[in-house]
Amino acid sequence: MARPRGFDEKQVLNAVRDQFWNAGYAATSLEDLMRVSGLGKGSLYAAFGDKRRLFLRALRSYTDDNHDHLRKALTEAPRAVVALRTILEPPIGDATGAGKRRGCLMANSTLELGNADPEVLDHAHRTYETSTALIGDCVARAQREGDLPAEADPIALARALLAAQQGLLFMSRTGMDTATLTATARSLANQLLPDPHDG
């Protein structure tokens with residue numbers, strides 16, 4: 001009978017995910033992964049495989065969590081257009097509370113590895129298609145609620161919103177000051193979506 005693991009798999013994945021997110025794939029060493037996970041090489045690789053396998057598990061965990069959060073945010077808002085505008089909120093800080101601007105782990109990883117690793121590129125494609133579908137459903141709901149033009153293509157607008165969001169995340173990584181980033185986010189939201197408080 002196999003011994004039960006003496007660690008929380010989700011906690012370990014979150015720790016290594018943050019390491020890859022902060023430093024990138026190439027700059028993350030085995031020693032870094034052992035340090036943040038609290039596991040020895042044997043335990044780490046026995047549970048998750050080599051560095052690449054561990055990275056892909058952490059990346060899938062990240063995108064699964066993001067899609068769960070996006071789905072909840074889009075479906076639970078009282079009005080769909082309000083939920084859509086939150087997609088373009090300026091990326092001032094992150095969940096660590098440290099005020100870092102790390103961008104999107106999926107986008108960062110695609111830029112770093114997409115040309116060399118078809119599995120990362122395929123995962124990126126599927127991730128953005130899922131995000132687009134979720135946003136598109138919310139656009140269709142906003143149309144039914146009368147806040148967006150009925151003739152608009154939900155998927156086309158969803159892709160535009162997703163592209164705008166990723167652009168904001170990238171600009172935040174360049175060190176753009178908070179006021180400019182906020183004004184840019186507001187401008188994008190006003191161009192792509194009506195303000196539900198107007199009128």
# chains A, B, ... in the order shown; residues from 1 in each chain; ligands from 1

call {"tool": "select_by_dssp", "arguments": {"residues": "range 17-195 of chain A", "states": "alpha helix (DSSP H)", "output": "NGL selection string"}}
result
:A and (17-23 or 30-37 or 41-48 or 51-76 or 80-86 or 105-113 or 118-144 or 154-173 or 178-192)

call {"tool": "closest_atom_pairs", "arguments": {"of": "range 37-98 of chain A", "to": "range 131-148 of chain A", "cutoff": "10 Å", "atoms": "only C-alpha atoms", "output": "tab-separated table"}}
result
residue	atom	partner	partner_atom	distance
A:Thr63	CA	A:Ser131	CA	9.6
A:Asn66	CA	A:Ser131	CA	9.0
A:His67	CA	A:Ser131	CA	6.8
A:Leu70	CA	A:Leu134	CA	7.7
A:Arg71	CA	A:Leu134	CA	6.6
A:Leu74	CA	A:Cys138	CA	6.3
A:Thr75	CA	A:Cys138	CA	7.3
A:Arg79	CA	A:Ala142	CA	7.1
A:Ala80	CA	A:Ala142	CA	4.9
A:Val81	CA	A:Ala142	CA	5.5
A:Val82	CA	A:Ala142	CA	9.0
A:Ala83	CA	A:Cys138	CA	7.9
A:Leu84	CA	A:Cys138	CA	7.2
A:Ile87	CA	A:Ile135	CA	9.1

call {"tool": "closest_atom_pairs", "arguments": {"of": "range 74-131 of chain A", "to": "range 163-176 of chain A", "cutoff": "6 Å", "atoms": "only C-alpha atoms", "output": "tab-separated table"}}
result
residue	atom	partner	partner_atom	distance
A:Leu88	CA	A:Gln165	CA	5.5
A:Arg101	CA	A:Arg173	CA	5.5
A:Gly103	CA	A:Leu169	CA	5.0

call {"tool": "write_last_selection", "arguments": {"atoms": "C-alpha atoms", "output": "PDB file, in the first residue's frame"}}
result
ATOM      1  CA  LEU A  88     -10.622  46.124 -17.654  1.00  0.00           C
ATOM      2  CA  ARG A 101       3.023  43.779 -11.288  1.00  0.00           C
ATOM      3  CA  GLY A 103       1.404  40.348 -15.531  1.00  0.00           C
TER       4      GLY A 103
END

call {"tool": "closest_residue", "arguments": {"among": "A:Ser29, A:Glu76, A:Thr184, A:Asp68", "to": "Thr130 in chain A", "atoms": "only C-alpha atoms"}}
result
A:Asp68

call {"tool": "atom_distance", "arguments": {"atom1": "CA of Ala107 in chain A", "atom2": "CA of Glu129 in chain A"}}
result
13.5 Å

call {"tool": "residues_around", "arguments": {"residues": "Thr178 in chain A", "least_positions_apart": "5", "cutoff": "9 Å", "atoms": "only C-alpha atoms", "output": "PyMOL selection string"}}
result
chain A and resi 90-92+172+183

call {"tool": "atom_distance", "arguments": {"atom1": "CA of Pro194 in chain A", "atom2": "CA of Arg159 in chain A"}}
result
16.9 Å

call {"tool": "atom_distance", "arguments": {"atom1": "CA of Arg126 in chain A", "atom2": "CA of Ala185 in chain A"}}
result
25.7 Å

call {"tool": "residues_around", "arguments": {"residues": "Asp50 in chain A", "least_positions_apart": "6", "cutoff": "10 Å", "atoms": "only C-alpha atoms", "output": "MDAnalysis selection string"}}
result
chainID A and resid 30 41 44

call {"tool": "write_last_selection", "arguments": {"atoms": "C-alpha atoms", "output": "compact mmCIF listing (two decimals), in the first residue's frame"}}
result
# COMPACT_ATOMS: atom_id res chain seq x y z
CA LEU A 30 15.66 23.11 -8.94
CA LYS A 41 14.32 16.63 -5.06
CA LEU A 44 9.22 16.77 -5.65

call {"tool": "decode", "arguments": {"residues": "range 5-54 of chain A", "atoms": "C-alpha atoms", "output": "PDB file, in the first residue's frame"}}
result
ATOM      1  CA  ARG A   5       1.769  12.081   0.884  1.00  0.00           C
ATOM      2  CA  GLY A   6       2.929  14.192   3.764  1.00  0.00           C
ATOM      3  CA  PHE A   7       2.237  17.488   2.017  1.00  0.00           C
ATOM      4  CA  ASP A   8      -0.632  19.488   0.565  1.00  0.00           C
ATOM      5  CA  GLU A   9      -0.376  19.150  -3.226  1.00  0.00           C
ATOM      6  CA  LYS A  10      -2.347  22.330  -3.913  1.00  0.00           C
ATOM      7  CA  GLN A  11      -0.170  24.299  -1.504  1.00  0.00           C
ATOM      8  CA  VAL A  12       2.990  23.039  -3.203  1.00  0.00           C
ATOM      9  CA  LEU A  13       1.607  23.847  -6.652  1.00  0.00           C
ATOM     10  CA  ASN A  14       0.725  27.366  -5.512  1.00  0.00           C
ATOM     11  CA  ALA A  15       4.228  27.876  -4.137  1.00  0.00           C
ATOM     12  CA  VAL A  16       6.018  26.707  -7.269  1.00  0.00           C
ATOM     13  CA  ARG A  17       3.520  28.604  -9.417  1.00  0.00           C
ATOM     14  CA  ASP A  18       4.475  31.824  -7.657  1.00  0.00           C
ATOM     15  CA  GLN A  19       8.156  31.028  -8.174  1.00  0.00           C
ATOM     16  CA  PHE A  20       7.695  30.500 -11.920  1.00  0.00           C
ATOM     17  CA  TRP A  21       5.471  33.590 -12.065  1.00  0.00           C
ATOM     18  CA  ASN A  22       8.022  35.790 -10.316  1.00  0.00           C
ATOM     19  CA  ALA A  23      11.170  34.537 -12.046  1.00  0.00           C
ATOM     20  CA  GLY A  24      10.065  32.816 -15.240  1.00  0.00           C
ATOM     21  CA  TYR A  25      10.741  29.241 -16.285  1.00  0.00           C
ATOM     22  CA  ALA A  26      14.387  29.434 -17.333  1.00  0.00           C
ATOM     23  CA  ALA A  27      15.500  31.464 -14.317  1.00  0.00           C
ATOM     24  CA  THR A  28      13.869  29.070 -11.849  1.00  0.00           C
ATOM     25  CA  SER A  29      16.293  26.431 -10.608  1.00  0.00           C
ATOM     26  CA  LEU A  30      15.660  23.105  -8.939  1.00  0.00           C
ATOM     27  CA  GLU A  31      17.024  24.659  -5.745  1.00  0.00           C
ATOM     28  CA  ASP A  32      14.389  27.407  -6.025  1.00  0.00           C
ATOM     29  CA  LEU A  33      11.636  24.819  -6.391  1.00  0.00           C
ATOM     30  CA  MET A  34      12.905  22.818  -3.429  1.00  0.00           C
ATOM     31  CA  ARG A  35      13.129  25.978  -1.327  1.00  0.00           C
ATOM     32  CA  VAL A  36       9.617  27.267  -2.033  1.00  0.00           C
ATOM     33  CA  SER A  37       7.962  23.847  -1.854  1.00  0.00           C
ATOM     34  CA  GLY A  38       9.804  22.632   1.228  1.00  0.00           C
ATOM     35  CA  LEU A  39      10.338  19.298  -0.525  1.00  0.00           C
ATOM     36  CA  GLY A  40      13.505  17.437  -1.444  1.00  0.00           C
ATOM     37  CA  LYS A  41      14.318  16.633  -5.058  1.00  0.00           C
ATOM     38  CA  GLY A  42      13.170  13.036  -4.740  1.00  0.00           C
ATOM     39  CA  SER A  43       9.791  13.916  -3.225  1.00  0.00           C
ATOM     40  CA  LEU A  44       9.217  16.773  -5.650  1.00  0.00           C
ATOM     41  CA  TYR A  45       9.980  14.773  -8.770  1.00  0.00           C
ATOM     42  CA  ALA A  46       8.224  11.629  -7.527  1.00  0.00           C
ATOM     43  CA  ALA A  47       5.042  13.621  -7.034  1.00  0.00           C
ATOM     44  CA  PHE A  48       5.134  15.913 -10.050  1.00  0.00           C
ATOM     45  CA  GLY A  49       7.798  14.706 -12.475  1.00  0.00           C
ATOM     46  CA  ASP A  50      10.678  16.816 -13.769  1.00  0.00           C
ATOM     47  CA  LYS A  51      10.865  20.619 -13.855  1.00  0.00           C
ATOM     48  CA  ARG A  52       8.898  20.888 -17.103  1.00  0.00           C
ATOM     49  CA  ARG A  53       6.137  18.588 -15.878  1.00  0.00           C
ATOM     50  CA  LEU A  54       5.931  20.532 -12.630  1.00  0.00           C
TER      51      LEU A  54
END
